[in-house]
Amino acid sequence: MLIDIGFILGTMFMYATPLLYTALGGAISENSGVVNIGLEGMMTIGAFSAATTSYFLQNPWIGFIFGGFAGALLGLVHAVACVSYRADNVVSGIAINFLGPGIALFLARHFFGGTTHTKILDLDKKMPRPFDGVFEQNSFFDLILNQYATMFIALFLVFVVHFVFYYTRVGLRLRSVGEKPTAARTVGIRVVLYRYGAVIVSGFFAGLGGSSLSIAIVSHFWHPLISGQGFIALAAMIFGKWKPIPTMFACLMFGFSQGIAVFLGRVIPATYTELVSMIPYALTLIVLVLFVRRSRAPSALGGQVDE
Amino acid sequence: MTETDAVKLTNITKRFPSVLANDNINFVLKKGEIHALLGENGAGKTTLMNILYGLQRADSGTIEVYGRPVSIHNPNDALSLKIGMVHQHFMLFEPFTVIENIMLGREIHQCGVLDRKKARKKVVDLSESFGLTVDPDSYISEISVAMQQRVELLRILYQGADILILDEPTAVLSPQEIVEFGAILRKLVTSGKSVIVITHKLKEIIDFADRCTVVSRGKVVNTLSVSDVDAHALASMMIGHELQAQVQSHKNAPGPRLLSLQNIYAEDDRGHTAVQGVTLDVHAGEILALTGVDGNGQREIIEVLAGVRKASSGSILLRDQEIQNYSPRMLYESGCANIPEDRHKDGLVFKFTVAENIALRTYRNYVEGPFLRFDKMNHDAVSLIQDFNIYPADPMHAVGEMSGGNQQKVIIARELVDNPEFIVAAHPTRGLDVGAASYVQQSLVQEKERGAAILLISFDLDEILQIANRIAIIYNGKIIAVKSASDLTREQLGLGFAGIAE
Ligand SMILES: Nc1ncnc2c1ncn2[C@@H]1O[C@H](COP(=O)(O)OP(=O)(O)OP(=O)(O)O)[C@@H](O)[C@H]1O
Ligand SMILES: [Mg+2]
């Protein structure tokens with residue numbers, strides 16, 4: 001029993017990790033007033049870049065950071081479109097979602113002899129697990145805590161972003177820009193600058209989210225790796241009311257139901273596999289609809305400003 | 001001697017696509033003076049001040065600050081020249097606290113981490129030394145508009161401005177608060193600051209300004225010393241002709257009870273009981289003024305009557321029919337009209353044209369199959385634009401690009417267009433110039449004489465005493481007195497505002 005709980009919680013943390021990065025990225029962009037549904041595409045390019053760099057340089061950390069930079073590059077594209085050229089945020093986001101996988105597949109073919117996936121990393125070239133071997137194998141604590149370093153970094157970043165949002169000058173200004181850009185301008189805040197920064201950082205986070213999949217949870221990139229996680233992260237951010245800590249809980253909630261699904265998948269006959277794999281989505285929806293009240297988006301979300 | 005001039009604007013011209021907002025304007029603010037800027041709605045006052053504050057660029061003209069030619073490209077330039085501005089429409093952030101709002105842009109911090117404690121101390125010190133009472137830790141969404149006004153003022157003081165631009169700062173203040181505000185301005189100039197104040201209330205100008213400049217249709221009409229003029233002369237200078245005599249109000253006998261609030265309780269956004277058992281009857285053919293210091297439950301009553309806030313108990317009868325749970329549309333269809341308090345939030349769709357905003361109420365008249373007859377809509381709007389003297393007189397003009405006073409006229413035109421039976425008018429003349437204000441008051445009186453029941457929410461004592469039949473004073477969510485207007489004096493009203501009714 002305790003072992004089962006440990007298994008479910010461990011699975012929860014594992015699945016929640018990429019969502020955490022990406023959802024935080026979403027929160028950063030949207031708190032500055034720019035809608036970012038391009039997270040999916042940013043995750044994809046991040047996952048690919050991380051897997052490729054890690055493979056060629058044989059170092060997961062460089063790969064991880066590189067994945068972030070790749071996402072940031074798409075973030076820059078989104079910022080140019082939405083902030084400088086005043087494109088509709090959603091349209092630009094959709095374009096990013098085509099652009100990300102497109103570039104990833106093209107480059108995969110280029111680097112890996114015509115295949116659409118990257119080569120599998122050696123086990124010791126993946127992200128390390130800081131608590132590996134600390135606890136007895138498959139014991140309760142081992143199941144929960146023996147996670148990839150990316151998971152701990154993600155949780156840490158939640159609190160970093162929370163701190164930046166609510167305790168620093170940058171955070172206050174960022175939120176003011178997303179709330180009422182004209183008013184922010186009247187007190188001398190550079191709205192365009194803040195929006196650029198936020199969208200680029202948002203891409204960086206989504207890129208990290210993709211990396212945490214391709215070089216930790218699995219060990220290579222292939223086409224359907226991301227398949228919708230960017231959107232789930234976006235949903236988690238909305239359920240988390242655009243705030244880092246509630247967003248974390250929404251991500252964990254999703255990971256938790258994923259954990260239950262995986263657990264049930266092991267004990268329930270194979271004929272029900274599809275039904276079981278619906279559980280995370282259904283459960284998440286039900287819990288969040290029932291327990292999350294009234295979320296309030298930043299007022300100027302998706303709007304344009306004059307400078 | 002140029003150092004005596006804090007600001008000197010020379011030949012400022014600014015053209016918008018449809019209007020020449022500033023036409024070769026010359027303006028001088030002397031050091032240590034309070035200079036009033038007057039003019040009709042749409043005369044170009046805000047535009048001129050936006051240029052000085054760097055929010056808009058003049059097409060031509062020069063700006064000198066303390067005798068030095070400067071170029072101001074954005075608010076940051078203005079702020080570093082110690083120019084501060086309180087805008088006609090609040091520039092506050094609802095989900096932020098008072099302190100956060102005040103320090104934003106000039107934060108007190110240590111390596112980027114906000115020092116809220118120090119900021120709080122600075123705010124509290126300023127607030128005490130100028131007598132501007134605020135609740136430093138409240139969120140903007142929780143405080144009254146009067147307090148929001150004080151937050152705006154504190155903000156520019158906090159920013160350390162020496163040259164203060166105040167664009168209609170008294171529009172949302174009660175008479176008592178305006179007196180206090182005048183004293184604050186005096187304090188400011190004695191401490192070496194110079195103030196430009198835009199207002200439509202001529203009495204205030206006489207009371208606390210040193211000089212005034214009148215603009216009309218983008219041109220300066222005259223700059224003169226306030227001691228040389230009276231309110232009447234100013235008014236006619238402003239509108240270019242003599243102001244018609246006072247609003248004509250016949251004391252017609254009110255008809256039967258039309259609307260009745262019975263023992264209404266309602267909560268505010270924070271969940272406090274803001275309205276505590278209000279009972280009021282409004283009769284056909286009368287204007288009942290509901291007055292009191294802002295934040296005593298008026299907002300909640302207005303919202304309950306507009307169908308956007310639920311009363312927690314009590315009943316509302318329209319012609320003896322319960323209308324508590326009516327949606328805004330049902331209220332409209334049963335003959336209710338509503339001039340909301342906050343024209344930006346509840347009154348207008350900014351990106352829509354004048355005609356479309358007017359048709360928000362009556363759009364069903366223009367339905368033809370699945371289509372809307374925009375030609376008819378614009379045609380009808382033209383006549384309202386003429387009636388209400390809306391400027392620019394173009395039904396296709398986007399409301400967001402109009403001057404504040406003209407936006408207000410659009411709302412009033414829309415709400416009065418189809419002879420409503422019951423009208424809630426919340427501060428209907430807020431931000432209107434004297435001519436427009438008396439036109440609106442006259443319109444309300446006409447509606448009353450036609451037989452409409454009107455609930456006027458206002459704290460403009462002149463307005464209330466002039467057009468209301470009866471006056472109800474609200475304090476702390478309770479009605480503390482209902483009197484015939486002719487039985488009340490300004491002094492009694494003032495006491496009533498403080499919660500004292502004999
Ligand atoms: N952003 C804009 N785009 C186009 N026209 C504008 C814009 N801002 C103002 N105008 C026009 O410029 C003119 C002057 O407007 P302004 O806001 O300066 O008037 P105002 O004197 O402040 O009036 P009020 O007393 O009503 O506030 C108006 O005719 C208005 O329609
Ligand atoms: Mg104005």
# chains A, B, ... in the order shown; residues from 1 in each chain; ligands from 1
>>> residues_around(residues="Ile239 of chain B", least_positions_apart="6", cutoff="10 Å", atoms="only C-alpha atoms", output="ChimeraX atom specification")
/B:39-41,43,214-217,433-436
>>> residues_around(residues="Gly102 of chain A", least_positions_apart="2", cutoff="12 Å", atoms="only C-alpha atoms", output="PyMOL selection string")
chain A and resi 41-42+44-45+48+95-100+104-109+116+223
>>> write_last_selection(atoms="N, CA and C atoms", output="compact mmCIF listing (two decimals), in the first residue's frame")
# COMPACT_ATOMS: atom_id res chain seq x y z
N GLY A 41 4.85 24.68 -29.29
CA GLY A 41 5.92 24.73 -30.28
C GLY A 41 7.27 25.02 -29.64
N MET A 42 7.25 25.86 -28.62
CA MET A 42 8.50 26.20 -27.92
C MET A 42 9.04 24.99 -27.16
N THR A 44 8.55 21.90 -28.06
CA THR A 44 9.02 20.94 -29.05
C THR A 44 10.44 21.28 -29.49
N ILE A 45 10.65 22.54 -29.81
CA ILE A 45 11.98 22.91 -30.28
C ILE A 45 13.00 22.75 -29.16
N PHE A 48 13.83 18.99 -28.79
CA PHE A 48 14.72 18.55 -29.86
C PHE A 48 16.14 19.07 -29.62
N ALA A 95 1.02 29.92 -35.25
CA ALA A 95 2.14 29.84 -36.19
C ALA A 95 3.36 29.23 -35.51
N ILE A 96 3.61 29.67 -34.28
CA ILE A 96 4.75 29.14 -33.54
C ILE A 96 4.60 27.62 -33.34
N ASN A 97 3.35 27.21 -33.12
CA ASN A 97 3.11 25.79 -32.91
C ASN A 97 3.36 24.96 -34.16
N PHE A 98 3.28 25.56 -35.33
CA PHE A 98 3.67 24.85 -36.54
C PHE A 98 5.17 24.94 -36.77
N LEU A 99 5.67 26.13 -36.44
CA LEU A 99 7.08 26.42 -36.70
C LEU A 99 7.99 25.52 -35.86
N GLY A 100 7.67 25.36 -34.59
CA GLY A 100 8.51 24.59 -33.66
C GLY A 100 8.75 23.17 -34.15
N ALA A 104 12.11 21.43 -35.89
CA ALA A 104 12.68 20.28 -35.18
C ALA A 104 12.82 19.09 -36.11
N LEU A 105 11.77 18.80 -36.87
CA LEU A 105 11.82 17.63 -37.76
C LEU A 105 12.83 17.84 -38.87
N PHE A 106 12.83 19.05 -39.40
CA PHE A 106 13.77 19.35 -40.48
C PHE A 106 15.21 19.14 -40.01
N LEU A 107 15.51 19.68 -38.85
CA LEU A 107 16.88 19.56 -38.34
C LEU A 107 17.20 18.12 -37.93
N ALA A 108 16.20 17.42 -37.42
CA ALA A 108 16.42 16.02 -37.04
C ALA A 108 16.86 15.23 -38.27
N ARG A 109 16.15 15.45 -39.37
CA ARG A 109 16.52 14.75 -40.60
C ARG A 109 17.94 15.11 -41.00
N THR A 116 13.38 10.99 -38.20
CA THR A 116 12.72 12.12 -37.55
C THR A 116 12.89 12.06 -36.03
N HIS A 223 8.97 12.64 -32.82
CA HIS A 223 7.92 13.58 -33.18
C HIS A 223 6.80 13.76 -32.15
>>> residues_around(residues="Leu19 of chain A", least_positions_apart="4", cutoff="9 Å", atoms="only C-alpha atoms", output="ChimeraX atom specification")
/A:15,23-24,206,209-210,229-230,232-234,236,248,251-252,254-255
>>> residues_near_ligand(ligand="ligand 1", cutoff="7 Å", atoms="only C-alpha atoms and all ligand atoms", output="mmCIF file with C-alpha atoms, in the first residue's frame")
data_model
loop_
_atom_site.group_PDB
_atom_site.id
_atom_site.type_symbol
_atom_site.label_atom_id
_atom_site.label_comp_id
_atom_site.auth_asym_id
_atom_site.auth_seq_id
_atom_site.Cartn_x
_atom_site.Cartn_y
_atom_site.Cartn_z
ATOM 1 C CA PHE B 16 -5.591 64.506 -34.760
ATOM 2 C CA PRO B 17 -6.925 62.939 -37.930
ATOM 3 C CA SER B 18 -10.337 64.478 -37.403
ATOM 4 C CA VAL B 19 -9.696 67.586 -35.304
ATOM 5 C CA LEU B 20 -7.177 70.276 -34.626
ATOM 6 C CA ALA B 21 -6.907 69.708 -30.880
ATOM 7 C CA GLY B 39 -12.557 75.232 -21.557
ATOM 8 C CA GLU B 40 -15.441 73.311 -22.984
ATOM 9 C CA ASN B 41 -15.384 69.561 -23.357
ATOM 10 C CA GLY B 42 -13.116 68.749 -26.243
ATOM 11 C CA ALA B 43 -11.376 72.125 -26.173
ATOM 12 C CA GLY B 44 -7.983 70.431 -26.041
ATOM 13 C CA LYS B 45 -6.990 70.815 -22.394
ATOM 14 C CA THR B 46 -6.047 67.209 -21.809
ATOM 15 C CA THR B 47 -4.208 67.046 -25.109
ATOM 16 C CA LEU B 48 -2.086 70.062 -24.182
ATOM 17 C CA TYR B 391 -18.180 66.833 -30.431
ATOM 18 C CA PRO B 392 -16.800 65.783 -32.890
ATOM 19 C CA GLU B 401 -10.779 58.910 -29.015
ATOM 20 C CA MET B 402 -13.206 61.505 -27.708
ATOM 21 C CA SER B 403 -12.681 63.915 -24.849
ATOM 22 C CA GLY B 404 -13.930 62.779 -21.473
ATOM 23 C CA GLY B 405 -16.898 65.120 -21.359
ATOM 24 C CA ASN B 406 -18.092 64.097 -24.771
ATOM 25 C CA GLY B 431 -16.589 66.006 -16.107
ATOM 26 C CA LEU B 432 -18.991 68.129 -18.133
ATOM 27 C CA ASP B 433 -18.370 71.775 -18.867
#
>>> residues_around(residues="Asp122 of chain A", least_positions_apart="3", cutoff="8 Å", atoms="only C-alpha atoms", output="MDAnalysis selection string")
chainID A and resid 125:126 219
>>> write_last_selection(atoms="N, CA and C atoms", output="mmCIF file, in the first residue's frame")
data_model
loop_
_atom_site.group_PDB
_atom_site.id
_atom_site.type_symbol
_atom_site.label_atom_id
_atom_site.label_comp_id
_atom_site.auth_asym_id
_atom_site.auth_seq_id
_atom_site.Cartn_x
_atom_site.Cartn_y
_atom_site.Cartn_z
ATOM 1 N N LYS A 125 24.509 9.648 -19.654
ATOM 2 C CA LYS A 125 24.578 10.985 -20.261
ATOM 3 C C LYS A 125 23.226 11.700 -20.142
ATOM 4 N N LYS A 126 22.268 11.091 -19.469
ATOM 5 C CA LYS A 126 20.995 11.757 -19.206
ATOM 6 C C LYS A 126 21.147 12.668 -17.994
ATOM 7 N N SER A 219 14.871 9.488 -23.279
ATOM 8 C CA SER A 219 16.260 9.814 -23.581
ATOM 9 C C SER A 219 16.508 10.161 -25.046
#
>>> residues_around(residues="His220 of chain A", least_positions_apart="2", cutoff="12 Å", atoms="only C-alpha atoms", output="PyMOL selection string")
chain A and resi 46-55+60+63+108+112+116-123+125-127+210-218+222-226
>>> atom_distance(atom1="atom CA of Val289 of chain A", atom2="atom CA of Lys345 of chain B")
28.1 Å
>>> residues_around(residues="segment 312-317 of chain B", least_positions_apart="4", cutoff="6 Å", atoms="only C-alpha atoms", output="ChimeraX atom specification")
/B:259-266,321-324
>>> atom_distance(atom1="atom CA of Phe221 of chain A", atom2="atom CA of Val91 of chain A")
26.4 Å
>>> interface_residues(of="chain B", to="chain A", cutoff="8 Å", atoms="only C-alpha atoms", output="ChimeraX atom specification")
/B:55,74-76,79,91-93,100,104-105,107,109,112-114
>>> atom_distance(atom1="atom CA of Val34 of chain A", atom2="atom CA of Ile65 of chain A")
23.8 Å
>>> residues_around(residues="Phe140 of chain A", least_positions_apart="4", cutoff="7 Å", atoms="only C-alpha atoms", output="number ranges by chain")
A: 2-3, 6, 144
>>> closest_residue(among="B:Thr97, B:Gly32, B:Gln407, B:Ile206", to="ligand 2", atoms="only C-alpha atoms and all ligand atoms")
B:Gln407
